[in-house]
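Working notes for the structure below.
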Amino acid sequence: MAAVGAGGSTAAAGPGAVSTGALEPGTASAGNVKHLILFLHEAVLVQYVDTLKLAVPSLIYTLQNNLQYVAISNLPAATFQVTYQLKILTTALFSVLMLNRSLSRLQWASLLLLFTGVAIVQAQQAGGGGPRPLDQNPGAGLAAVVASCLSSGFAGVYFEKILKGSSGSVWLRNLQLGLFGTALGLVGLWWAEGTAVASRGFFFGYTPAVWGVVLNQAFGGLLVAVVVKYADNILKGFATSLSIVLSTVASIRLFGFHVDPLFALGAGLVIGAVYLYSLPRGAAKAIASASASASGPCVHQQPPGQPPPPQLSSHRGDLITEPFLPKSVLVK
């Protein structure tokens, strides 16, 4: 089935606790279903203007999920995993354009490094790096993954802008996204395979492997929420790097994927770029100052009688914690 809902792309930060001016969903945790229904009626139907704002990112997320299906069908899993990191680049660019964010030199350098790594991997793929199934079209896969990265970046930043411009909780926004995503997914399903579904049933073809993929996507969305709440962007960068390595190992074992030096170089550049982009600003400044001090013998002399300047602590908790990665990048 071609249509995929948007649920896997909206479990970004889990239940929120921001007041919406109506009854909070937390009041239903004690079993008061009536309060939950009244809250949903007020937030979704009465305040329908806020609900309609979520139609745009929901449509884009649904399109993005289908584009990912096309991309992974036409690219090796390891190549797809590396190329899909372009979503960091697109999200950063949309953040600059739509949220007026500023990027440091290290950020721009890491984005350039990321683009270079992806370009090397794609050059290796275009050069016929290893055997591939005859039904795969690398050109179509690359076009699909680039379009998916563009849609992911725009939808993530747009969603973040909506969250910051209203008092609605993330829990409520994810619910609204899910409603639109389910409706749009069902419309796409009926348009593409309505006759087959009517004759064979909605769950025809749902093998244990398919159910495993569905559950893995849902579990991955919940893990992203845990990362956002309890971890930081450095750990997110390490997780992304580990996913690239694991995807490559699995592709070698399951599909006979061939890793040549060109692919290893491109993947290494992408992993390094993801790590550098995940650094907090304090750590980035420390790296820049260390590089500057290593490049020249000039030593700053402290005037006599004045206290020494404060030293940058090596503890991560003492660093400036404004992350390089916007929250929208963390959306799965």
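Going by the structure tokens order, chains are called A, B, ..., each with residues numbered from 1, while ligands are numbered from 1 in the order shown.
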Please identify all polymer residues within 8 Å of Phe115 (chain A), counting only C-alpha atoms, omitting same-chain residues fewer than 4 positions from it, and present them as a PyMOL selection string.
chain A and resi 86+89+111+119+270
Could you check which of A:Tyr84, A:Phe154, A:Phe180, A:Trp108 is closest to Leu54 (chain A), using only C-alpha atoms?
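That would be A:Phe180, the residue with the smallest distance to Leu54 (chain A).
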What does the distance from CA of Ala209 (chain A) to CA of Ser247 (chain A) come to in Å, to one decimal?
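Pair CA of Ala209 (chain A) / CA of Ser247 (chain A) returns 17.3 Å.
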Could you tell me how far CA of Leu67 (chain A) sits from CA of Leu265 (chain A), in Å to one decimal place?
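Distance reported for this atom pair: 26.6 Å.
Of the residues listed (A:Lys53, A:Arg253, A:Lys87, A:His258), A:Lys87 shows the shortest atom-to-atom separation from Val145 (chain A); distances use only C-alpha atoms.
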Just to confirm, what's the straight-line distance from CA of Val121 (chain A) to CA of Phe263 (chain A) in Å (one decimal)?
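We find that CA of Val121 (chain A) and CA of Phe263 (chain A) lie 5.2 Å from each other.
With only C-alpha atoms as the atoms that count, the minimum distance from Leu184 (chain A) to the choices A:Leu223, A:Leu59, A:Leu52, A:Leu45 is reached by A:Leu59.
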Taking the chain letters and numbering used in this document, name the residues of region 23-270 of chain A that DSSP puts in helix (DSSP H, G or I), as a PyMOL selection string.
chain A and resi 25-30+33-46+48-53+55-74+77-83+86-99+105-126+138-164+170-200+208-230+233-255+261-270
I want to know what sits within 10 Å of Ala78 (chain A), based on only C-alpha atoms, with residues of the same chain fewer than 3 positions away left out; could you give that as a ChimeraX atom specification?
/A:72,75,81-84,121,243-252,257,259,263,267
